[in-house]
file data-v5.cif (mmCIF, C-alpha atoms)
data_work
loop_
_atom_site.label_atom_id
_atom_site.label_comp_id
_atom_site.auth_asym_id
_atom_site.auth_seq_id
_atom_site.Cartn_x
_atom_site.Cartn_y
_atom_site.Cartn_z
CA MET E 1498 -14.20 29.01 0.03
CA GLY E 1499 -12.62 26.88 -2.67
CA GLU E 1500 -11.40 23.34 -2.46
CA VAL E 1501 -7.64 22.76 -2.20
CA ILE E 1502 -6.58 19.48 -3.81
CA VAL E 1503 -3.05 18.09 -3.98
CA VAL E 1504 -2.06 15.76 -6.81
CA THR E 1505 0.64 13.40 -5.59
CA SER E 1506 2.16 9.97 -6.26
CA GLY E 1507 5.44 9.33 -4.50
CA LYS E 1508 7.05 7.95 -7.63
CA GLY E 1509 8.11 10.30 -10.39
CA GLY E 1510 7.00 10.15 -13.98
CA VAL E 1511 3.57 8.64 -13.40
CA GLY E 1512 1.68 11.68 -14.67
CA LYS E 1513 1.10 14.08 -11.76
CA THR E 1514 1.81 17.18 -13.80
CA THR E 1515 -0.17 15.98 -16.80
CA ALA E 1516 -3.09 15.11 -14.53
CA THR E 1517 -2.90 18.48 -12.77
CA ALA E 1518 -2.88 20.39 -16.05
CA ASN E 1519 -5.76 18.43 -17.53
CA ILE E 1520 -7.97 18.36 -14.48
CA GLY E 1521 -7.39 22.08 -14.02
CA ALA E 1522 -8.22 22.82 -17.65
CA GLY E 1523 -11.23 20.52 -17.42
CA LEU E 1524 -12.65 22.31 -14.39
CA ALA E 1525 -12.04 25.67 -16.07
CA LEU E 1526 -13.87 24.45 -19.18
CA ARG E 1527 -16.83 23.67 -16.92
CA GLY E 1528 -16.87 27.30 -15.84
CA TYR E 1529 -15.01 27.14 -12.54
CA LYS E 1530 -12.21 29.43 -11.41
CA VAL E 1531 -9.13 27.28 -10.99
CA ALA E 1532 -5.64 28.03 -9.67
CA LEU E 1533 -2.88 25.51 -10.41
CA VAL E 1534 0.10 25.63 -8.07
CA ASP E 1535 3.41 24.10 -9.12
CA ALA E 1536 5.04 22.97 -5.88
CA ASP E 1537 7.96 21.32 -7.63
CA ILE E 1538 10.48 24.06 -6.86
CA GLY E 1539 13.70 23.64 -8.80
CA LEU E 1540 12.18 21.20 -11.29
CA ARG E 1541 9.20 23.13 -12.51
CA ASN E 1542 7.24 21.52 -15.33
CA LEU E 1543 3.62 22.53 -15.03
CA ASP E 1544 4.25 25.81 -16.86
CA VAL E 1545 5.80 23.88 -19.76
CA VAL E 1546 2.95 21.38 -19.96
CA LEU E 1547 0.51 24.29 -20.02
CA GLY E 1548 2.60 26.22 -22.53
CA LEU E 1549 2.94 29.21 -20.18
CA GLU E 1550 6.69 29.10 -19.56
CA ASN E 1551 7.44 32.31 -21.41
CA ARG E 1552 5.02 34.34 -19.34
CA ILE E 1553 6.54 33.75 -15.91
CA VAL E 1554 7.63 36.91 -14.09
CA TYR E 1555 7.14 36.07 -10.43
CA ASP E 1556 6.83 32.64 -8.83
CA LEU E 1557 5.76 30.73 -5.73
CA VAL E 1558 8.95 31.55 -3.82
CA ASP E 1559 8.56 35.27 -4.57
CA VAL E 1560 5.04 35.12 -3.14
CA ALA E 1561 6.13 33.14 -0.09
CA HIS E 1562 8.89 35.65 0.68
CA GLY E 1563 6.72 38.69 0.02
CA HIS E 1564 8.68 39.86 -3.02
CA CYS E 1565 5.39 40.28 -4.87
CA ARG E 1566 1.68 40.05 -4.34
CA LEU E 1567 -0.05 36.74 -5.05
CA LYS E 1568 -2.01 38.27 -7.92
CA GLN E 1569 1.16 39.46 -9.63
CA ALA E 1570 2.54 35.92 -9.76
CA LEU E 1571 -0.62 34.30 -11.11
CA ILE E 1572 -0.50 33.70 -14.86
CA LYS E 1573 -3.82 33.73 -16.66
CA ASP E 1574 -4.25 30.97 -19.22
CA LYS E 1575 -5.85 32.71 -22.18
CA ARG E 1576 -7.16 29.48 -23.74
CA PHE E 1577 -9.18 28.48 -20.68
CA GLU E 1578 -11.36 31.12 -19.10
CA GLY E 1579 -10.80 31.03 -15.34
CA LEU E 1580 -7.56 29.00 -15.35
CA TYR E 1581 -4.54 30.47 -13.56
CA LEU E 1582 -1.07 29.15 -12.79
CA LEU E 1583 1.17 29.93 -9.85
CA PRO E 1584 4.54 28.70 -11.17
CA ALA E 1585 7.37 27.26 -9.13
CA ALA E 1586 10.80 28.88 -8.96
CA GLN E 1587 13.43 27.16 -11.04
CA THR E 1588 16.59 28.58 -9.46
CA LYS E 1589 15.75 27.66 -5.86
CA ASP E 1590 15.14 24.36 -4.10
CA LYS E 1591 12.43 22.83 -1.92
CA THR E 1592 13.74 24.45 1.25
CA ALA E 1593 12.92 27.91 -0.17
CA VAL E 1594 9.33 27.51 1.04
CA LYS E 1595 8.02 26.39 4.42
CA PRO E 1596 4.80 24.41 4.99
CA GLU E 1597 3.28 27.39 6.86
CA GLN E 1598 3.90 29.65 3.87
CA MET E 1599 2.26 27.11 1.54
CA LYS E 1600 -0.70 26.92 3.91
CA GLU E 1601 -1.07 30.68 3.82
CA ILE E 1602 -0.85 30.82 0.01
CA CYS E 1603 -3.44 28.03 -0.33
CA LEU E 1604 -5.71 29.85 2.07
CA GLN E 1605 -5.48 33.06 0.05
CA LEU E 1606 -6.05 31.22 -3.23
CA GLY E 1607 -8.98 29.37 -1.72
CA GLU E 1608 -10.75 32.67 -1.10
CA GLU E 1609 -10.45 33.66 -4.73
CA PHE E 1610 -10.82 30.38 -6.60
CA ASP E 1611 -13.30 27.49 -6.72
CA TYR E 1612 -10.50 24.94 -7.02
CA VAL E 1613 -6.85 25.14 -6.07
CA ILE E 1614 -4.88 22.20 -7.48
CA ILE E 1615 -1.34 21.63 -6.27
CA ASP E 1616 1.13 19.70 -8.39
CA CYS E 1617 3.26 17.84 -5.85
CA PRO E 1618 6.89 16.93 -6.57
CA ALA E 1619 7.98 13.29 -6.58
CA GLY E 1620 9.35 11.94 -3.32
CA ILE E 1621 8.19 12.17 0.27
CA GLU E 1622 10.58 14.78 1.62
CA GLN E 1623 10.33 18.54 2.10
CA GLY E 1624 8.71 19.21 -1.27
CA PHE E 1625 5.97 16.69 -0.53
CA LYS E 1626 5.42 18.10 2.94
CA ASN E 1627 5.13 21.61 1.51
CA ALA E 1628 2.72 20.50 -1.20
CA ILE E 1629 0.31 18.75 1.17
CA ALA E 1630 0.49 21.39 3.91
CA GLY E 1631 -2.36 23.52 2.58
CA ALA E 1632 -4.42 20.75 0.98
CA GLU E 1633 -7.81 19.52 2.12
CA LYS E 1634 -8.12 16.69 -0.36
CA ALA E 1635 -5.70 14.51 -2.27
CA ILE E 1636 -5.58 12.77 -5.61
CA VAL E 1637 -3.02 9.99 -5.84
CA VAL E 1638 -1.78 9.13 -9.32
CA THR E 1639 -0.30 5.73 -10.06
CA THR E 1640 0.51 3.57 -13.06
CA PRO E 1641 -0.16 -0.17 -13.25
CA GLU E 1642 3.36 -1.01 -12.15
CA VAL E 1643 4.32 -2.69 -8.90
CA SER E 1644 6.84 0.05 -8.03
CA ALA E 1645 4.38 2.88 -8.65
CA VAL E 1646 1.65 1.14 -6.63
CA ARG E 1647 4.10 0.55 -3.79
CA ASP E 1648 4.98 4.24 -3.72
CA ALA E 1649 1.32 5.22 -3.94
CA ASP E 1650 0.65 3.00 -0.91
CA ARG E 1651 3.45 4.73 1.01
CA VAL E 1652 2.10 8.14 0.07
CA ILE E 1653 -1.47 7.23 1.06
CA GLY E 1654 -0.11 6.21 4.46
CA LEU E 1655 1.66 9.56 4.79
CA LEU E 1656 -1.44 11.46 3.66
CA GLU E 1657 -3.54 9.66 6.26
CA ALA E 1658 -0.94 10.50 8.88
CA ALA E 1659 -1.27 14.17 7.83
CA ASP E 1660 -5.04 13.91 8.22
CA LEU E 1661 -5.72 13.94 4.49
CA ARG E 1662 -8.17 11.07 4.62
CA GLU E 1663 -9.78 9.17 1.78
CA PRO E 1664 -7.57 10.21 -1.09
CA LYS E 1665 -8.89 9.46 -4.57
CA LEU E 1666 -6.94 7.31 -7.00
CA VAL E 1667 -6.15 7.94 -10.65
CA ILE E 1668 -4.65 5.03 -12.57
CA ASN E 1669 -2.66 6.39 -15.47
CA ARG E 1670 -1.20 4.77 -18.59
CA LEU E 1671 -3.26 1.59 -18.43
CA ARG E 1672 -2.93 -0.66 -21.46
CA PRO E 1673 -6.17 -2.64 -21.72
CA LYS E 1674 -4.64 -5.10 -24.16
CA MET E 1675 -1.76 -5.94 -21.85
CA VAL E 1676 -4.16 -6.29 -18.94
CA ARG E 1677 -6.30 -8.67 -20.95
CA GLN E 1678 -3.25 -10.74 -21.79
CA GLY E 1679 -2.36 -10.85 -18.11
CA ASN E 1680 0.87 -8.91 -18.58
CA MET E 1681 -0.15 -5.82 -16.64
CA MET E 1682 -1.67 -5.23 -13.22
CA ASN E 1683 -5.40 -4.76 -13.57
CA ILE E 1684 -7.58 -2.22 -11.82
CA GLU E 1685 -8.80 -4.73 -9.24
CA ASP E 1686 -5.23 -5.72 -8.32
CA ILE E 1687 -4.36 -2.09 -7.65
CA ILE E 1688 -7.54 -1.29 -5.70
CA ASP E 1689 -7.11 -4.51 -3.71
CA ILE E 1690 -3.79 -3.26 -2.35
CA LEU E 1691 -4.47 0.46 -2.06
CA ALA E 1692 -8.07 0.21 -0.80
CA VAL E 1693 -9.06 3.72 -1.89
CA ASP E 1694 -11.80 5.11 -4.14
CA LEU E 1695 -11.05 5.17 -7.83
CA LEU E 1696 -11.43 8.58 -9.46
CA GLY E 1697 -10.57 7.47 -12.95
CA VAL E 1698 -8.49 5.38 -15.31
CA ILE E 1699 -6.51 6.94 -18.14
CA PRO E 1700 -5.42 4.64 -20.93
CA GLU E 1701 -1.95 4.83 -22.41
CA ASP E 1702 -2.22 7.28 -25.27
CA GLU E 1703 0.39 8.70 -27.63
CA LYS E 1704 -1.79 11.78 -27.91
CA ILE E 1705 -0.68 12.75 -24.40
CA ILE E 1706 2.95 12.92 -25.47
CA VAL E 1707 2.08 15.13 -28.41
CA THR E 1708 -0.18 17.49 -26.50
CA THR E 1709 2.14 17.68 -23.48
CA ASN E 1710 5.08 18.63 -25.68
CA LYS E 1711 2.97 21.26 -27.36
CA GLY E 1712 1.81 22.67 -24.04
CA ASP E 1713 -1.78 21.99 -24.94
CA PRO E 1714 -3.85 19.92 -22.48
CA VAL E 1715 -5.28 16.76 -24.08
CA ILE E 1716 -8.61 17.29 -22.35
CA GLN E 1717 -9.81 19.56 -25.15
CA ASP E 1718 -9.16 16.82 -27.70
CA GLU E 1719 -12.65 15.46 -28.29
CA ARG E 1720 -11.40 12.44 -30.18
CA SER E 1721 -8.74 11.04 -27.88
CA LEU E 1722 -9.64 8.46 -25.27
CA SER E 1723 -7.26 9.99 -22.71
CA GLY E 1724 -9.03 13.32 -23.18
CA GLU E 1725 -12.35 11.60 -22.54
CA ALA E 1726 -10.89 9.93 -19.45
CA PHE E 1727 -9.83 13.30 -18.09
CA ARG E 1728 -13.23 14.81 -18.86
CA ASN E 1729 -14.82 11.94 -16.91
CA ILE E 1730 -12.47 12.59 -13.99
CA THR E 1731 -13.42 16.26 -14.04
CA ARG E 1732 -17.11 15.37 -13.94
CA ARG E 1733 -16.55 12.99 -11.02
CA ILE E 1734 -14.72 15.72 -9.11
CA LEU E 1735 -17.81 17.87 -9.65
CA GLY E 1736 -19.91 15.10 -8.13
CA GLU E 1737 -21.51 13.70 -11.29
CA PRO E 1738 -21.88 9.93 -11.25
CA VAL E 1739 -19.89 8.76 -14.28
CA PRO E 1740 -19.42 4.99 -14.50
CA LEU E 1741 -15.86 3.84 -13.87
CA MET E 1742 -14.13 1.63 -16.35
CA ASP E 1743 -13.56 -1.85 -14.93
CA LEU E 1744 -11.61 -4.81 -16.16
CA GLU E 1745 -14.66 -6.55 -17.61
CA ARG E 1746 -15.22 -3.55 -19.78
CA ASN E 1747 -11.65 -3.40 -20.99
CA GLY E 1748 -12.45 -5.48 -24.05
CA ASN E 1749 -15.22 -3.07 -24.94
CA LEU E 1750 -13.01 -0.16 -24.07
CA PHE E 1751 -10.32 -1.31 -26.42
CA SER E 1752 -12.68 -2.02 -29.28
CA ARG E 1753 -14.32 1.32 -28.59
CA LEU E 1754 -10.91 2.94 -28.86
CA ARG E 1755 -10.33 1.22 -32.18
CA ARG E 1756 -13.75 2.23 -33.40
CA MET E 1757 -13.10 5.80 -32.42
CA VAL E 1758 -9.76 5.83 -34.19
CA ARG E 1759 -11.37 4.47 -37.36
CA LEU E 1760 -14.18 6.99 -37.21
CA GLY E 1761 -11.69 9.72 -36.58
CA MET D 782 -1.46 -32.85 21.24
CA ALA D 783 -1.77 -32.27 24.95
CA THR D 784 1.97 -32.57 25.35
CA ASP D 785 2.57 -30.25 22.46
CA SER D 786 0.25 -27.45 23.53
CA GLY D 787 1.34 -27.93 27.15
CA TYR D 788 4.89 -27.36 26.05
CA VAL D 789 3.82 -24.29 24.10
CA MET D 790 2.08 -22.79 27.10
CA ALA D 791 5.02 -23.50 29.37
CA ASP D 792 7.38 -22.03 26.82
CA SER D 793 5.46 -18.79 26.42
CA ARG D 794 5.21 -18.41 30.17
CA ALA D 795 8.94 -18.92 30.46
CA ALA D 796 9.51 -16.20 27.90
CA GLY D 797 7.98 -13.61 30.21
CA ALA D 798 4.61 -12.16 31.10
CA GLU D 799 4.65 -9.62 28.27
CA GLU D 800 4.29 -12.48 25.78
CA ASN D 801 0.66 -12.69 26.78
CA GLN D 802 -0.06 -9.06 25.99
CA THR D 803 -1.89 -8.48 22.72
CA VAL D 804 -2.16 -5.25 20.77
CA LEU D 805 -4.98 -4.63 18.33
CA ILE D 806 -4.18 -2.62 15.18
CA GLN D 807 -7.47 -1.48 13.69
CA ARG D 808 -6.24 -0.32 10.30
CA THR D 809 -4.29 -1.35 7.25
CA LEU D 810 -0.53 -1.04 7.51
CA ARG D 811 0.75 0.58 4.34
CA SER D 812 4.19 0.57 2.77
CA GLY D 813 6.72 2.19 5.10
CA GLN D 814 4.62 1.71 8.23
CA SER D 815 5.81 -0.70 10.89
CA ILE D 816 4.71 -2.15 14.20
CA PHE D 817 6.91 -3.56 16.91
CA TYR D 818 5.26 -5.03 19.96
CA PRO D 819 6.58 -7.17 22.82
CA GLY D 820 3.71 -9.62 22.73
CA ASN D 821 1.08 -10.64 20.21
CA VAL D 822 -0.17 -8.44 17.37
CA VAL D 823 -3.61 -8.62 15.79
CA VAL D 824 -4.15 -6.50 12.68
CA LEU D 825 -7.74 -5.83 11.65
CA GLY D 826 -6.83 -4.85 8.11
CA ASP D 827 -4.15 -5.64 5.59
CA VAL D 828 -0.38 -5.60 5.91
CA ASN D 829 0.69 -4.22 2.55
CA PRO D 830 3.97 -4.85 0.75
CA GLY D 831 6.66 -2.68 2.29
CA ALA D 832 5.02 -2.70 5.73
CA GLN D 833 6.55 -4.57 8.64
CA VAL D 834 5.13 -6.28 11.71
CA THR D 835 7.47 -7.48 14.43
CA ALA D 836 6.20 -9.22 17.57
CA THR D 837 7.79 -11.37 20.23
CA GLY D 838 4.61 -13.45 20.23
CA ASP D 839 2.11 -14.42 17.55
CA VAL D 840 0.94 -12.29 14.62
CA ILE D 841 -2.61 -12.52 13.35
CA VAL D 842 -3.77 -10.58 10.32
CA VAL D 843 -7.51 -10.40 9.75
CA GLY D 844 -6.95 -9.42 6.14
CA ALA D 845 -4.23 -9.86 3.54
CA LEU D 846 -0.66 -10.21 4.77
CA ARG D 847 1.59 -9.12 1.91
CA GLY D 848 4.39 -7.37 3.78
CA MET D 849 7.14 -8.59 6.08
CA VAL D 850 6.21 -10.26 9.32
CA HIS D 851 8.40 -11.48 12.17
CA ALA D 852 6.72 -13.49 14.90
CA GLY D 853 8.53 -14.78 17.97
CA ALA D 854 11.12 -12.07 17.50
CA GLY D 855 12.59 -12.73 20.94
CA GLY D 856 13.40 -16.29 19.92
CA ASN D 857 10.04 -17.91 20.64
CA GLU D 858 10.00 -20.89 18.27
CA ALA D 859 6.39 -21.66 19.17
CA ALA D 860 5.08 -18.38 17.75
CA VAL D 861 2.70 -18.57 14.80
CA VAL D 862 1.56 -16.27 12.03
CA VAL D 863 -2.07 -16.49 10.97
CA ALA D 864 -3.60 -14.51 8.09
CA PHE D 865 -6.78 -14.58 6.06
CA ARG D 866 -4.54 -14.26 3.03
CA LEU D 867 -1.01 -15.30 3.83
CA GLU D 868 1.07 -13.91 0.95
CA PRO D 869 4.02 -12.29 2.75
CA THR D 870 7.06 -10.79 1.07
CA GLN D 871 9.07 -12.50 3.76
CA LEU D 872 8.10 -14.43 6.85
CA ARG D 873 10.24 -14.82 9.93
CA ILE D 874 9.58 -16.84 13.04
CA ALA D 875 12.19 -16.63 15.83
CA LYS D 876 15.52 -16.99 14.01
CA HIS D 877 14.06 -18.65 10.91
CA VAL D 878 13.67 -16.58 7.75
CA SER D 879 11.61 -17.76 4.80
CA ARG D 880 10.08 -16.41 1.64
CA PRO D 881 7.25 -17.84 -0.41
CA PRO D 882 8.40 -20.13 -3.22
CA ALA D 883 8.37 -18.47 -6.65
CA GLY D 884 5.04 -18.75 -8.45
CA MET D 885 3.14 -19.70 -5.31
CA VAL D 886 -0.59 -19.58 -5.90
CA PRO D 887 -2.62 -17.88 -3.14
CA ALA D 888 -4.50 -20.48 -1.11
CA GLY D 889 -7.72 -18.47 -0.98
CA GLN D 890 -8.31 -19.38 2.66
CA PRO D 891 -6.86 -18.55 6.09
CA GLU D 892 -3.46 -20.07 6.68
CA VAL D 893 -1.08 -20.49 9.55
CA ALA D 894 2.71 -20.45 9.48
CA ARG D 895 4.64 -22.20 12.24
CA ILE D 896 7.90 -23.98 12.77
CA ARG D 897 7.77 -27.74 12.25
CA ASP D 898 10.97 -29.76 12.51
CA GLY D 899 13.02 -26.58 12.33
CA VAL D 900 11.38 -25.36 9.12
CA ILE D 901 8.71 -22.68 8.66
CA THR D 902 5.67 -24.54 7.39
CA ILE D 903 2.44 -23.07 6.04
CA GLU D 904 -0.83 -24.93 6.47
CA ALA D 905 -4.51 -24.26 6.12
CA PHE D 906 -5.79 -22.71 9.32
CA SER D 907 -8.46 -24.61 11.14
CA VAL D 908 -9.88 -23.55 14.47
CA ALA D 909 -10.08 -27.15 15.65
CA GLY D 910 -6.41 -27.74 14.94
CA GLU D 911 -3.92 -28.92 17.52
CA ARG D 912 -2.94 -25.34 18.33
CA GLN D 913 -6.45 -24.39 19.26
CA GLY D 914 -5.50 -23.75 22.86
CA SER D 915 -2.70 -21.52 21.75
CA ILE D 916 -4.89 -19.59 19.31
CA ALA D 917 -7.54 -19.03 21.95
CA ARG D 918 -4.81 -17.74 24.23
CA VAL D 919 -3.82 -15.10 21.69
CA SER D 920 -7.10 -13.35 21.32
CA VAL D 921 -10.64 -14.53 21.82
CA PRO D 922 -12.26 -11.91 19.53
CA VAL D 923 -10.16 -13.09 16.61
CA ASP D 924 -11.27 -16.63 17.31
CA LEU D 925 -14.86 -15.42 17.02
CA GLU D 926 -14.03 -13.69 13.74
CA PHE D 927 -12.84 -17.00 12.35
CA GLU D 928 -16.04 -18.74 13.31
CA LYS D 929 -18.35 -16.25 11.62
#

call {"tool": "encode", "arguments": {"input": "data-v5.cif", "output": "C-alpha cells"}}
result
Amino acid sequence: MGEVIVVTSGKGGVGKTTATANIGAGLALRGYKVALVDADIGLRNLDVVLGLENRIVYDLVDVAHGHCRLKQALIKDKRFEGLYLLPAAQTKDKTAVKPEQMKEICLQLGEEFDYVIIDCPAGIEQGFKNAIAGAEKAIVVTTPEVSAVRDADRVIGLLEAADLREPKLVINRLRPKMVRQGNMMNIEDIIDILAVDLLGVIPEDEKIIVTTNKGDPVIQDERSLSGEAFRNITRRILGEPVPLMDLERNGNLFSRLRRMVRLG
Amino acid sequence: MATDSGYVMADSRAAGAEENQTVLIQRTLRSGQSIFYPGNVVVLGDVNPGAQVTATGDVIVVGALRGMVHAGAGGNEAAVVVAFRLEPTQLRIAKHVSRPPAGMVPAGQPEVARIRDGVITIEAFSVAGERQGSIARVSVPVDLEFEK
C-alpha cells in the first residue's frame, strides 16, 4: 500500500507544481513507482512542467466519471522509470470531481504505486477539499513572504481539521543574501509561526525557471543548488537523515553556491 | 489596591455569573480559526496572525499572541489580556481598540494589557502585581505556569 501525499500551500505561485514534479521525479530516480495527480482541474500545469502535455488523452475527470480506466489515463514519463502522471481536465472546473471520487482514485493508485503525490490547486475551496480527500500525508509549500506564510498557516489549520496531522513544510525561493541582510523572513521566523517540521529549503534559482519552461525537472541537474535541495527533500521523504539548512549556515550556503557556480 | 481589586471583583460579578467561567484551548489557533467564549479564555499555545479570540472576560495566552484578541467583549472594562509574547495584530478591550505602535520591539517577557485612564496600556506582567487577585480568579493552573 503506497503513501498518498498532497502538496498544498493556500497561496498560488509559491511552487506547489514545481515541488510536486521534482519530488515525484526524485522518488522515481531512487527506484520507486510514483503517480503524480494534478488536482488543479481547469488550470492544469503539472503536465506542462513535466513536458507531457502533448501526450494527454484521458484525464482525472474521465477516470472519476468512468469514461476510461485509471490505467488508460496514466501517462508514463519516459525519462524517469516508474514515474506516471494522472493529468487534470482543462475544460472542466473543480466541481467536476467529488471528494469521494478522489478518495477512490487515490485508493486505487495506492495499490499500484509506492508514492501518490497530489498537486493541490491554490485556494481552500472545492479544489482543495478534493485534493486532500484521499491524502494521508501533506507537504505544505511556502515562500519567505508574510502573505504566503499566513496562507500556509490557514491551510495547516484546515489540514489538521481534516485529520491530516503533522504536515511537513517546504520553504521555497529563499534568498540567503536577503535573509542575511535582514530583508527577508528567515527560516526560524517561519517555523516560529507555523510550528511544523521542516522538510527542506529551496533557494531562489533561475535554473528552475529554465527547467520548468522546458518541462524538465531541475532535480536531475547535478550542478544546481535547487536540484540538490530537491534531492535532499526526496531523501528525507525516504527517511534518510539529511541535515537541514539553517540560518547560521546561510553564509556558508551562499558561498558554497558561488563556489559551485565557479566550478561549474 | 484593595479598593481597585475589590471594584474589579464587584464589577465582574455584576456582569453575570458566566464571566467566571473559563475555557481552556489546548492548541495553537491558526489563521482563520476563531474562539468566542462568554467568560475567560486560556490558550495553551499560540494565537497566530489571522486568528481571533473573543471573550467577555479575560484572555490569557500561554504562548505567542500575534492575532486579534478582544477581551471584555461584553463591555467589561476591567478585563485584561495576558500573553507570554504579546505581539497582537490588534488588541481590543471592551469598546477600546488599539494596535501596537509601528516598529514596536517585542518585550521578550510576559506582558499584560489593561485599560488605564481610558487607554489600553501594556505592561510587564508580574504575578505580585496589583491585579494578582484578579489573575488568580481567572485560572489557578495558569498562575502556576507563570511561577515555574

call {"tool": "resolve_selection", "arguments": {"input": "data-v5.cif", "expression": "the PyMOL selection byres ((chain D) within 8 of (chain E))", "output": "NGL selection string"}}
result
:D and (810-814 or 829-831)

call {"tool": "residues_near_point", "arguments": {"input": "data-v5.cif", "point": "(-6.6, 20.4, -24.4)", "cutoff": "10 Å", "atoms": "only C-alpha atoms", "output": "list in words"}}
result
Ala1518, Asn1519, Ala1522, Gly1523, Leu1526, Leu1547, Arg1576, Phe1577, Ile1705, Thr1708, Thr1709, Gly1712, Asp1713, Pro1714, Val1715, Ile1716, Gln1717, Asp1718, Glu1719 and Gly1724 of chain E

call {"tool": "residues_around", "arguments": {"input": "data-v5.cif", "residues": "E:Arg1733", "least_positions_apart": "5", "cutoff": "12 Å", "atoms": "all atoms listed in the file", "output": "list in words"}}
result
Ile1520, Gly1523, Leu1524, Lys1665, Leu1666, Val1667, Asp1694, Leu1695, Leu1696, Gly1697, Val1698, Ala1726, Phe1727, Arg1728, Pro1738, Val1739, Pro1740 and Leu1741 of chain E

call {"tool": "resolve_selection", "arguments": {"input": "data-v5.cif", "expression": "the PyMOL selection byres ((chain D and resi 806-808) around 9)", "output": "PDB file with C-alpha atoms, in the frame of the given file"}}
result
ATOM      1  CA  VAL D 804      -2.160  -5.250  20.770  1.00  0.00           C
ATOM      2  CA  LEU D 805      -4.980  -4.630  18.330  1.00  0.00           C
ATOM      3  CA  THR D 809      -4.290  -1.350   7.250  1.00  0.00           C
ATOM      4  CA  LEU D 810      -0.530  -1.040   7.510  1.00  0.00           C
ATOM      5  CA  ILE D 816       4.710  -2.150  14.200  1.00  0.00           C
ATOM      6  CA  VAL D 822      -0.170  -8.440  17.370  1.00  0.00           C
ATOM      7  CA  VAL D 823      -3.610  -8.620  15.790  1.00  0.00           C
ATOM      8  CA  VAL D 824      -4.150  -6.500  12.680  1.00  0.00           C
ATOM      9  CA  LEU D 825      -7.740  -5.830  11.650  1.00  0.00           C
ATOM     10  CA  GLY D 826      -6.830  -4.850   8.110  1.00  0.00           C
ATOM     11  CA  ASP D 827      -4.150  -5.640   5.590  1.00  0.00           C
TER      12      ASP D 827
END

call {"tool": "resolve_selection", "arguments": {"input": "data-v5.cif", "expression": "the PyMOL selection byres ((chain D and resi 870) around 9)", "output": "NGL selection string"}}
result
:D and (830-831 or 846-850 or 868-869 or 871-872 or 880-881)

call {"tool": "atom_distance", "arguments": {"input": "data-v5.cif", "atom1": "atom CA of E:Glu1609", "atom2": "atom CA of E:Ile1538"}}
result
23.1 Å

call {"tool": "atom_distance", "arguments": {"input": "data-v5.cif", "atom1": "atom CA of D:His877", "atom2": "atom CA of D:Pro891"}}
result
21.5 Å

call {"tool": "closest_residue", "arguments": {"input": "data-v5.cif", "among": "D:Ala883, D:Ala888, D:Ala832, D:Ile896", "to": "D:Gly853", "atoms": "all atoms listed in the file"}}
result
D:Ile896

call {"tool": "residues_near_point", "arguments": {"input": "data-v5.cif", "point": "(4.4, 13.0, -9.1)", "cutoff": "6 Å", "atoms": "all atoms listed in the file", "output": "PyMOL selection string"}}
result
chain E and resi 1505-1509+1513+1617-1619

call {"tool": "closest_residue", "arguments": {"input": "data-v5.cif", "among": "E:Lys1600, E:Lys1589, E:Arg1670, E:Arg1527", "to": "E:Asp1556", "atoms": "all atoms listed in the file"}}
result
E:Lys1589

call {"tool": "closest_residue", "arguments": {"input": "data-v5.cif", "among": "E:Asn1542, E:Gln1623, E:Thr1639, E:Thr1517", "to": "E:Ala1586", "atoms": "all atoms listed in the file"}}
result
E:Asn1542

call {"tool": "decode", "arguments": {"input": "data-v5.cif", "residues": "stretch 1678-1689 of chain E", "atoms": "N, CA and C atoms", "output": "CSV table (one decimal), in the first residue's frame"}}
result
chain,number,residue,atom,x,y,z
E,1678,GLN,N,20.9,40.0,5.1
E,1678,GLN,CA,20.7,41.5,5.2
E,1678,GLN,C,19.5,41.9,6.0
E,1679,GLY,N,18.7,40.9,6.4
E,1679,GLY,CA,17.6,41.2,7.3
E,1679,GLY,C,16.4,41.7,6.4
E,1680,ASN,N,16.4,41.5,5.1
E,1680,ASN,CA,15.3,41.9,4.3
E,1680,ASN,C,14.3,40.9,3.9
E,1681,MET,N,14.5,39.6,4.4
E,1681,MET,CA,13.6,38.6,4.1
E,1681,MET,C,13.4,37.7,5.4
E,1682,MET,N,12.2,37.2,5.5
E,1682,MET,CA,11.9,36.3,6.6
E,1682,MET,C,12.9,35.2,6.7
E,1683,ASN,N,13.5,34.8,7.8
E,1683,ASN,CA,14.4,33.7,7.9
E,1683,ASN,C,13.6,32.4,8.3
E,1684,ILE,N,14.3,31.3,8.2
E,1684,ILE,CA,13.7,30.0,8.4
E,1684,ILE,C,13.1,30.0,9.8
E,1685,GLU,N,13.8,30.5,10.8
E,1685,GLU,CA,13.3,30.5,12.2
E,1685,GLU,C,12.0,31.2,12.3
E,1686,ASP,N,12.0,32.4,11.7
E,1686,ASP,CA,10.7,33.2,11.7
E,1686,ASP,C,9.5,32.4,11.3
E,1687,ILE,N,9.7,31.7,10.2
E,1687,ILE,CA,8.6,30.9,9.5
E,1687,ILE,C,8.2,29.8,10.4
E,1688,ILE,N,9.2,29.0,10.9
E,1688,ILE,CA,9.0,27.9,11.8
E,1688,ILE,C,8.3,28.3,13.1
E,1689,ASP,N,8.7,29.5,13.6
E,1689,ASP,CA,8.2,30.0,14.8
E,1689,ASP,C,6.7,30.2,14.7
